[in-house]
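Here is the structure we will look at, set down as structure tokens.
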Amino acid sequence: MKSMIDIMLGQNDQEMEFMPIVPLGEDELNDDEKKKLPTDIPLIALRNTVLFPNVVLPITVSREKSVKALEFANANGKWIGVVAQKELNDEDPSAADIYATGTLAKIVKQIKMPDGNTTLFIMGRMRFTIKTMTQSEPFFKARIQLIDDVFPKEDSEFEAIMSSIRDYSEKILTQSPNLPSEAGIVLRNIEQQSFLLHFIASNINAKLTDKQMLLEEDDVKVRGEKLLQILQAELQIVELKNEITNKTRGEMDKQQREYFLQQQLKSIKDELGGDPNERELRDLQKRAEGMNWPESAKDLFQKNIQKLERMHPSTPDYSVIYNHLDLMLDLPWNSYTADNYDLNNAQSVLDDDHYGMEKIKERILEYLAVLKLKGDMKSPILCFVGPPGIGKTSLGRSIANAINRKYVRLSLGGLHDESEIRGHRKTYIGAMPGRIIQSLRKVKSANPVFILDEIDKIGRDHRGDPSSALLEVLDPEQNSSFYDNYLEMEFDLSKVLFVATANSLQDIQPALRDRLEIIQLSGYSIEEKTEIAKRHLVPKQKDLHGLKKISLKFSDKILQQIVQNYTRESGVRELDRLLASVMRNVAKDVAMGHKVQPQVSSEKVISVLGKAKFTNDAYERGLPAGVAVGLAWTSVGGEILFIETNLSKGKGGLTITGNLGNVMKESATTALSYLRAHTENLGIADSIFDEHNIHIHVPEGAVPKDGPSAGITILSALTSLLTGRKLRPYLAMTGEITLRGQVLPVGGIKEKVLAAKRAGVREIILCYQNEKDVEEINPLFIKGMKFHFVKEMKEVLQIALK
């Protein structure tokens with residue numbers, strides 16, 4: 001019932017030390033019970049409240065007089081008189097300081113508290129007036145006269161008064177939002193009229209004098225009229241309080257709060273030197289004054305800056321528009337670096353940075369020559385295709401240095417979202433411009449050398465196809481108006497020299513490949529690797545390992561030993577790592593104070609790198625009958641390939657193993673058909689095909705292999721197996737065959753020839769149509785090698801078989 005009391009009183013616990021509650025099923029006293037009530041009783045005085053009949057009141061007793069009065073009452077029937085004291089702050093009231101009318105109460109329960117005070121529950125039973133004060137010390141004691149209530153007899157006006165009292169009480173409840181709704185249920189369940197009066201009078205937020213006036217009134221009807229007047233006044237106060245609270249909260253508080261905050265903010269800004277947002281806008285406009293941008297960009301900037309001025313800095317769109325304007329100011333609109341048209345200087349820079357690569361250098365010089373003569377041309381879209389580690393990416397930096405342009409690189413490997421190219425729309429949270437625009441923003445130039453690295457490794461799945469977004473970037477007819485979703489306007493990329501790099505053309509989308517000027521790069525020969533190591537790798541590793549001041553040299557013979565015995569690659573990355581291993585060993589010797597030989601010896605190389613990983617023992621020992629050496633092209637350069645064949649008793653079955661593709665399997669079937677058709681010319685018995693099984697195997701079965709170029713190698717191996725004649729040592733071959741015995745040309749000749757040279761092969765059989773490819777190879781790289789150019793398979797067998 002505590003909630004009910006809170007509702008009606010509107011007081012907090014600090015104002016009272018007790019609160020009235022509802023009695024538990026007590027009715028009005030009958031005449032016999034009234035006769036038994038005592039008339040000489042102890043008294044206690046309460047502060048700031050009045051006890052009414054049939055209302056239970058918990059009180060905490062701490063005064064000495066009151067404690068003794070309770071002790072007396074507990075020993076004599078537990079009856080006690082409860083009166084209100086006139087002055088709230090009077091700690092020791094006298095008989096004159098208490099009201100003469102009070103309520104006879106019964107002590108219901110008494111609890112001793114840990115702090116020494118006593119809490120007891122008392123229930124008012126009947127009103128009384130003090131006739132004579134019989135005792136003042138050690139507690140008040142008085143002779144009293146009990147007072148009966150005067151009830152009206154079937155008075156409709158009294159019924160209306162009680163109904164109004166109930167209605168006003170419920171209105172006060174409903175207009176107090178901080179009070180629970182259960183209180184209304186309690187109020188509606190009180191049926192006894194006199195108790196309803198006493199309960200509401202106990203709990204209403206009224207003055208003590210008004211409550212005492214209600215207690216002293218004998219006529220219940222008059223008491224109800226007075227209580228109704230108090231409730232009407234209380235309801236007006238509650239309604240006015242609500243109205244004032246709502247109005248103040250909605251208007252005055254808001255205005256005062258905003259004014260206070262604005263004044264604080266103004267003071268802070270004044271201390272910091274003005275409004276930072278205004279300073280930001282002034283800075284943007286000042287930066288815009290020196291921009292050399294097109295009219296469309298200028299108009300968009302002015303439009304957005306005006307929009308920004310009208311916006312409050314706390315709105316989400318403010319930062320979006322600000323970042324967009326900042327991007328526009330950072331972009332290099334019509335900002336170009338001056339190209340260096342000195343072709344001799346460009347040739348010198350390219351030669352210093354990269355050894356070989358004559359075709360690429362020639363193409364760059366052609367581009368510069370046209371640019372020098374014409375003054376302006378659309379930049380070509382170059383694509384360097386070749387195995388890893390041959391310097392495709394670093395060549396882009398050399399081009400930038402040669403023509404005095406800035407250099408920027410974008411790695412496309414694993415890119416799967418086209419928004420990385422075109423940018424995100426500004427409406428998205430965390431939106432950014434595309435990588436193209438970001439790179440130009442970083443490099444501060446509209447005509448850099450832009451490397452699109454690993455263009456063949458762009459991701460492609462359900463999230464998007466970035467290669468399709470690159471179509472606009474890499475089309476010279478379209479990239480003058482490249483549209484970025486974040487920038488929301490066109491940007492001219494026509495002056496950018498795009499250079500793409502790839503390991504394989506097959507993985508590039510056909511429409512994208514069509515826009516690229518393909519320049520094939522081959523692997524390095526042993527001689528080229530030796531020169532590259534001498535000119536670039538050794539000085540670089542000496543510098544990286546703190547050996548720049550140490551006299552340390554690698555002879556050509558030692559470098560060739562490392563290349564031939566420890567590497568089988570088209571590029572020079574593994575060679576670079578091996579040289580780093582040697583340098584680390586030398587650095588350790590220097591740090592430990594050991595003597596360091598100025599010339600790296602063969603023994604030093606072997607002690608650091610171990611025994612040779614690759615040798616030519618297989619060729620020196622010679623190969624058994626049925627084994628031939630072929631040449632293959634892979635995305636990482638050329639490789640040599642052993643084709644092994646075997647004959648076993650059977651019924652003419654053909655088994656092909658080694659993780660071969662369909663094309664290679666078809667080449668084996670074609671070779672076997674050719675042999676069946678020419679057994680007489682080759683001296684092979686016809687019965688051998690019906691009485692034996694043939695097994696063809698290509699080692700390194702974990703590596704997938706495919707292509708037609710192993711055709712003549714498979715045919716030579718089968719012929720060697722069936723005739724028992726070994727193939728010539730140090731011989732390799734590559735070429736496609738037909739059922740008629742024709743030898744067809746294949747690709748990747750330079751990589752294959754260089755791979756054969758690295759492996760120690762001395763003779764190579766090729767189709768006569770591949771002669772032109774061999775002529776493009778530097779004669780120094782193939783010195784000591786012999787080439788046989790053939791048209792038909794019978795020529796191959798005449799050369800290959802002993």
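Residues in the structure tokens are named by chain (A, B, ... in the order shown) and by number from 1 within that chain; ligands are numbered from 1 in the order shown.
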Hey, what does DSSP flag as alpha helix (DSSP H) within segment 579-762 of chain A? Can you give it to me as a PyMOL selection string? chain A and resi 579-591+602-609+617-621+662-677+679-682+688-691+711-723+749-759
Neighbours of Val449 of chain A within 7 Å (only C-alpha atoms; same-chain residues fewer than 5 positions away dropped), as a compact mmCIF listing (two decimals) with N, CA and C atoms, in the first residue's frame?
```txt
# COMPACT_ATOMS: atom_id res chain seq x y z
N ALA A 400 59.14 5.64 -66.18
CA ALA A 400 58.81 6.93 -65.54
C ALA A 400 60.06 7.79 -65.37
N ARG A 405 58.46 11.37 -65.63
CA ARG A 405 57.08 11.39 -65.14
C ARG A 405 57.02 10.76 -63.74
N LYS A 406 55.94 11.05 -63.04
CA LYS A 406 55.75 10.44 -61.74
C LYS A 406 55.29 8.99 -61.93
N TYR A 407 55.50 8.21 -60.87
CA TYR A 407 55.25 6.77 -60.96
C TYR A 407 54.24 6.37 -59.90
N VAL A 408 53.24 5.59 -60.28
CA VAL A 408 52.27 5.07 -59.32
C VAL A 408 51.92 3.65 -59.72
N VAL A 496 47.50 9.70 -69.08
CA VAL A 496 48.17 8.73 -68.22
C VAL A 496 48.75 7.61 -69.09
N LEU A 497 50.01 7.27 -68.84
CA LEU A 497 50.64 6.15 -69.55
C LEU A 497 50.42 4.88 -68.71
N PHE A 498 49.41 4.11 -69.08
CA PHE A 498 49.10 2.88 -68.37
C PHE A 498 50.00 1.75 -68.86
```
If we count only C-alpha atoms and set the cut-off at 12 Å, which residues sit around Ala75 of chain A, ignoring sequence neighbours fewer than 6 positions away in its own chain? Please answer as a VMD selection string. chain A and resid 41 to 42 68 to 69 107
Using only all heavy atoms, please write the residues we just selected to a file, as a compact mmCIF listing (two decimals), in the first residue's frame.
```txt
# COMPACT_ATOMS: atom_id res chain seq x y z
N ILE A 41 -5.52 6.97 29.47
CA ILE A 41 -4.52 6.35 28.58
C ILE A 41 -3.26 7.19 28.49
O ILE A 41 -3.28 8.41 28.71
CB ILE A 41 -5.10 6.18 27.16
CG1 ILE A 41 -5.56 7.53 26.61
CG2 ILE A 41 -6.21 5.15 27.12
CD1 ILE A 41 -6.00 7.50 25.16
N PRO A 42 -2.11 6.55 28.16
CA PRO A 42 -0.88 7.33 27.86
C PRO A 42 -1.00 7.99 26.48
O PRO A 42 -1.71 7.50 25.59
CB PRO A 42 0.21 6.26 27.85
CG PRO A 42 -0.47 4.99 27.53
CD PRO A 42 -1.87 5.11 28.08
N LYS A 68 8.62 5.54 26.83
CA LYS A 68 8.07 5.14 28.13
C LYS A 68 6.56 4.99 28.05
O LYS A 68 5.96 4.11 28.69
CB LYS A 68 8.46 6.16 29.21
CG LYS A 68 9.94 6.11 29.54
CD LYS A 68 10.32 7.11 30.62
CE LYS A 68 11.81 6.99 30.95
NZ LYS A 68 12.22 7.97 32.00
N ALA A 69 5.93 5.87 27.24
CA ALA A 69 4.48 5.76 27.05
C ALA A 69 4.13 4.44 26.38
O ALA A 69 3.13 3.81 26.74
CB ALA A 69 3.97 6.94 26.24
N ILE A 107 -1.94 -0.74 19.55
CA ILE A 107 -0.62 -1.13 19.04
C ILE A 107 -0.75 -2.51 18.39
O ILE A 107 -1.07 -3.49 19.05
CB ILE A 107 0.43 -1.16 20.16
CG1 ILE A 107 0.58 0.24 20.79
CG2 ILE A 107 1.78 -1.66 19.63
CD1 ILE A 107 1.48 0.28 22.01
```
Find the residues near Ile364 of chain A: any atom within 9 Å, counting only C-alpha atoms, skip ones fewer than 5 places away on the same chain, and give them as a PyMOL selection string. chain A and resi 346+359+369+399
Considering only C-alpha atoms, return as a PDB file with C-alpha atoms, in the first residue's frame whatever protein or nucleic-acid residues lie within 10 Å of segment 694-710 of chain A, sequence-local ones (same chain, fewer than 5 positions apart) excluded.
```pdb
ATOM      1  CA  GLY A 626      62.304 -45.225 -75.118  1.00  0.00           C
ATOM      2  CA  VAL A 627      63.174 -41.962 -73.334  1.00  0.00           C
ATOM      3  CA  VAL A 629      63.657 -34.979 -73.970  1.00  0.00           C
ATOM      4  CA  GLY A 630      60.975 -32.444 -74.887  1.00  0.00           C
ATOM      5  CA  LEU A 631      60.592 -28.729 -74.298  1.00  0.00           C
ATOM      6  CA  ALA A 632      57.579 -27.087 -72.659  1.00  0.00           C
ATOM      7  CA  TRP A 633      56.376 -23.541 -72.060  1.00  0.00           C
ATOM      8  CA  THR A 634      54.792 -22.504 -68.752  1.00  0.00           C
ATOM      9  CA  LEU A 641      60.285 -32.475 -70.204  1.00  0.00           C
ATOM     10  CA  PHE A 642      61.219 -36.167 -70.139  1.00  0.00           C
ATOM     11  CA  ILE A 643      58.922 -38.523 -72.049  1.00  0.00           C
ATOM     12  CA  GLU A 644      59.277 -42.105 -70.829  1.00  0.00           C
ATOM     13  CA  THR A 645      57.820 -45.183 -72.568  1.00  0.00           C
ATOM     14  CA  ASN A 646      57.662 -48.809 -71.583  1.00  0.00           C
ATOM     15  CA  LEU A 647      56.622 -52.108 -73.243  1.00  0.00           C
ATOM     16  CA  SER A 648      54.995 -55.029 -71.447  1.00  0.00           C
ATOM     17  CA  LYS A 649      53.206 -58.241 -72.417  1.00  0.00           C
ATOM     18  CA  GLY A 650      49.557 -57.643 -73.137  1.00  0.00           C
ATOM     19  CA  LYS A 651      46.874 -57.215 -75.756  1.00  0.00           C
ATOM     20  CA  GLY A 652      47.820 -53.907 -77.340  1.00  0.00           C
ATOM     21  CA  GLY A 653      46.594 -51.479 -74.640  1.00  0.00           C
ATOM     22  CA  LEU A 654      47.824 -47.881 -74.330  1.00  0.00           C
ATOM     23  CA  THR A 655      48.255 -46.301 -70.886  1.00  0.00           C
ATOM     24  CA  ILE A 656      49.089 -42.603 -70.506  1.00  0.00           C
ATOM     25  CA  THR A 657      50.046 -41.166 -67.069  1.00  0.00           C
ATOM     26  CA  GLY A 658      51.637 -38.028 -65.647  1.00  0.00           C
ATOM     27  CA  ASN A 659      48.629 -35.691 -65.165  1.00  0.00           C
ATOM     28  CA  LEU A 660      48.330 -34.956 -68.902  1.00  0.00           C
ATOM     29  CA  GLY A 661      45.650 -32.875 -70.582  1.00  0.00           C
ATOM     30  CA  ASN A 662      43.421 -33.999 -73.436  1.00  0.00           C
ATOM     31  CA  VAL A 663      45.547 -32.362 -76.142  1.00  0.00           C
ATOM     32  CA  MET A 664      48.685 -34.136 -74.961  1.00  0.00           C
ATOM     33  CA  LYS A 665      46.855 -37.472 -74.772  1.00  0.00           C
ATOM     34  CA  GLU A 666      45.643 -36.966 -78.344  1.00  0.00           C
ATOM     35  CA  SER A 667      49.237 -36.310 -79.415  1.00  0.00           C
ATOM     36  CA  ALA A 668      50.216 -39.707 -77.936  1.00  0.00           C
ATOM     37  CA  LEU A 672      50.955 -44.398 -82.056  1.00  0.00           C
ATOM     38  CA  ILE A 688      54.291 -56.055 -81.395  1.00  0.00           C
ATOM     39  CA  PHE A 689      51.234 -53.809 -81.172  1.00  0.00           C
ATOM     40  CA  LEU A 715      56.747 -40.170 -81.382  1.00  0.00           C
ATOM     41  CA  SER A 716      60.545 -40.241 -81.053  1.00  0.00           C
ATOM     42  CA  ALA A 717      60.322 -41.960 -77.642  1.00  0.00           C
ATOM     43  CA  LEU A 718      57.887 -44.610 -78.977  1.00  0.00           C
ATOM     44  CA  LEU A 721      61.236 -48.055 -77.593  1.00  0.00           C
ATOM     45  CA  LEU A 722      59.889 -50.216 -80.430  1.00  0.00           C
ATOM     46  CA  MET A 733      62.857 -31.344 -79.445  1.00  0.00           C
ATOM     47  CA  THR A 734      59.488 -29.607 -79.653  1.00  0.00           C
ATOM     48  CA  GLY A 735      56.816 -29.613 -82.329  1.00  0.00           C
ATOM     49  CA  GLU A 736      53.314 -30.768 -83.173  1.00  0.00           C
ATOM     50  CA  ILE A 737      52.678 -33.780 -85.423  1.00  0.00           C
ATOM     51  CA  VAL A 743      55.775 -31.329 -88.188  1.00  0.00           C
ATOM     52  CA  LEU A 744      53.919 -28.132 -87.250  1.00  0.00           C
ATOM     53  CA  PRO A 745      55.282 -25.009 -85.521  1.00  0.00           C
ATOM     54  CA  VAL A 746      54.672 -24.243 -81.825  1.00  0.00           C
ATOM     55  CA  GLY A 747      55.015 -21.140 -79.599  1.00  0.00           C
ATOM     56  CA  GLY A 748      57.256 -20.073 -76.760  1.00  0.00           C
TER      57      GLY A 748
END
```
Can you tell me, as a list in words, what residues are no more than 12 Å from Asp514 of chain A when counting only C-alpha atoms, ignoring any on the same chain fewer than 5 positions away? Ile381, Leu382, Cys383, Leu471, Leu474, Asp475, Pro476, Leu505, Ile508 and Gln509 of chain A
Expected file contents, prior selection, all heavy atoms, as a short mmCIF file (atom, residue, chain, number, x, y, z; two decimals), in the first residue's frame:
```cif
data_model
loop_
_atom_site.label_atom_id
_atom_site.label_comp_id
_atom_site.auth_asym_id
_atom_site.auth_seq_id
_atom_site.Cartn_x
_atom_site.Cartn_y
_atom_site.Cartn_z
N ILE A 381 48.32 1.96 -74.31
CA ILE A 381 48.10 1.08 -73.16
C ILE A 381 48.98 -0.14 -73.37
O ILE A 381 48.65 -1.04 -74.14
CB ILE A 381 46.62 0.67 -73.04
CG1 ILE A 381 45.70 1.89 -73.19
CG2 ILE A 381 46.39 -0.05 -71.73
CD1 ILE A 381 45.85 2.92 -72.12
N LEU A 382 50.13 -0.17 -72.72
CA LEU A 382 51.09 -1.26 -72.89
C LEU A 382 50.79 -2.38 -71.91
O LEU A 382 50.31 -2.14 -70.80
CB LEU A 382 52.51 -0.75 -72.67
CG LEU A 382 52.97 0.43 -73.54
CD1 LEU A 382 54.39 0.82 -73.16
CD2 LEU A 382 52.89 0.08 -75.02
N CYS A 383 51.08 -3.60 -72.30
CA CYS A 383 50.93 -4.74 -71.41
C CYS A 383 52.15 -5.64 -71.56
O CYS A 383 52.38 -6.21 -72.64
CB CYS A 383 49.66 -5.53 -71.71
SG CYS A 383 49.43 -6.96 -70.63
N LEU A 471 37.64 -1.67 -68.58
CA LEU A 471 37.50 -1.45 -70.02
C LEU A 471 37.50 0.04 -70.36
O LEU A 471 38.12 0.46 -71.33
CB LEU A 471 36.20 -2.11 -70.53
CG LEU A 471 36.14 -3.64 -70.43
CD1 LEU A 471 34.79 -4.13 -70.89
CD2 LEU A 471 37.24 -4.28 -71.24
N LEU A 474 41.09 1.64 -69.72
CA LEU A 474 42.17 1.26 -70.64
C LEU A 474 41.78 1.42 -72.11
O LEU A 474 42.44 0.84 -72.98
CB LEU A 474 42.59 -0.18 -70.36
CG LEU A 474 43.13 -0.44 -68.95
CD1 LEU A 474 43.54 -1.89 -68.78
CD2 LEU A 474 44.29 0.47 -68.63
N ASP A 475 40.75 2.17 -72.39
CA ASP A 475 40.39 2.44 -73.79
C ASP A 475 40.75 3.89 -74.11
O ASP A 475 40.14 4.82 -73.57
CB ASP A 475 38.89 2.22 -74.00
CG ASP A 475 38.51 2.23 -75.47
OD1 ASP A 475 39.29 2.81 -76.27
OD2 ASP A 475 37.47 1.66 -75.83
N PRO A 476 41.75 4.12 -74.97
CA PRO A 476 42.17 5.50 -75.27
C PRO A 476 41.05 6.37 -75.82
O PRO A 476 41.11 7.60 -75.73
CB PRO A 476 43.29 5.31 -76.31
CG PRO A 476 43.78 3.92 -76.11
CD PRO A 476 42.60 3.13 -75.66
N LEU A 505 48.44 -14.44 -70.90
CA LEU A 505 47.38 -13.75 -71.63
C LEU A 505 46.06 -14.50 -71.53
O LEU A 505 44.98 -13.90 -71.65
CB LEU A 505 47.76 -13.60 -73.11
CG LEU A 505 48.72 -12.47 -73.46
CD1 LEU A 505 49.05 -12.51 -74.94
CD2 LEU A 505 48.13 -11.12 -73.09
N ILE A 508 43.35 -13.17 -69.12
CA ILE A 508 42.84 -11.81 -69.27
C ILE A 508 41.57 -11.86 -70.10
O ILE A 508 41.52 -12.52 -71.14
CB ILE A 508 43.88 -10.89 -69.93
CG1 ILE A 508 45.18 -10.88 -69.10
CG2 ILE A 508 43.34 -9.47 -70.05
CD1 ILE A 508 46.30 -10.07 -69.73
N GLN A 509 40.54 -11.16 -69.67
CA GLN A 509 39.27 -11.12 -70.39
C GLN A 509 39.50 -10.66 -71.84
O GLN A 509 40.22 -9.68 -72.08
CB GLN A 509 38.31 -10.17 -69.67
CG GLN A 509 36.93 -10.10 -70.29
CD GLN A 509 36.05 -9.08 -69.59
OE1 GLN A 509 36.32 -8.71 -68.46
NE2 GLN A 509 35.02 -8.63 -70.26
#
```
All residues 12 Å or closer to Leu552 of chain A, only C-alpha atoms, same chain fewer than 2 positions away omitted, as a ChimeraX atom specification: /A:534,538-539,541-543,546-550,554-555,582-583,586-587,590,595-601
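Of the residues under consideration (A:Val753, A:Ile144, A:Leu440, A:Leu412), A:Leu412 shows the shortest atom-to-atom contact distance to Ile455 of chain A when counting only C-alpha atoms.
Considering only C-alpha atoms, the residue among A:Ile98, A:Met793, A:Ala469, A:Ile429 positioned nearest to Val82 of chain A is A:Ile98.
Taking atom CA of Arg725 of chain A and atom CA of Leu801 of chain A as endpoints, the distance between them is 6.2 Å.
Reported to one decimal place, the separation of atom CA of Arg397 of chain A from atom CA of His536 of chain A is 15.3 Å.
Counting from atom CA of Val473 of chain A, the distance to atom CA of Leu415 of chain A is 15.5 Å.
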Write out as an MDAnalysis selection string all residues of segment 198-409 of chain A that backbone DSSP assigns to strand (DSSP E or B). chainID A and resid 219 382:385 407:409
Return the single residue from A:Glu234, A:Glu528, A:Asp507, A:Glu795 that is closest to Ser176 of chain A, with distances computed using only C-alpha atoms. A:Glu234
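Distances from A:Lys529, A:Arg223, A:Arg441, A:Lys131 to Ile390 of chain A were compared using only C-alpha atoms, and the smallest one belongs to A:Lys529.
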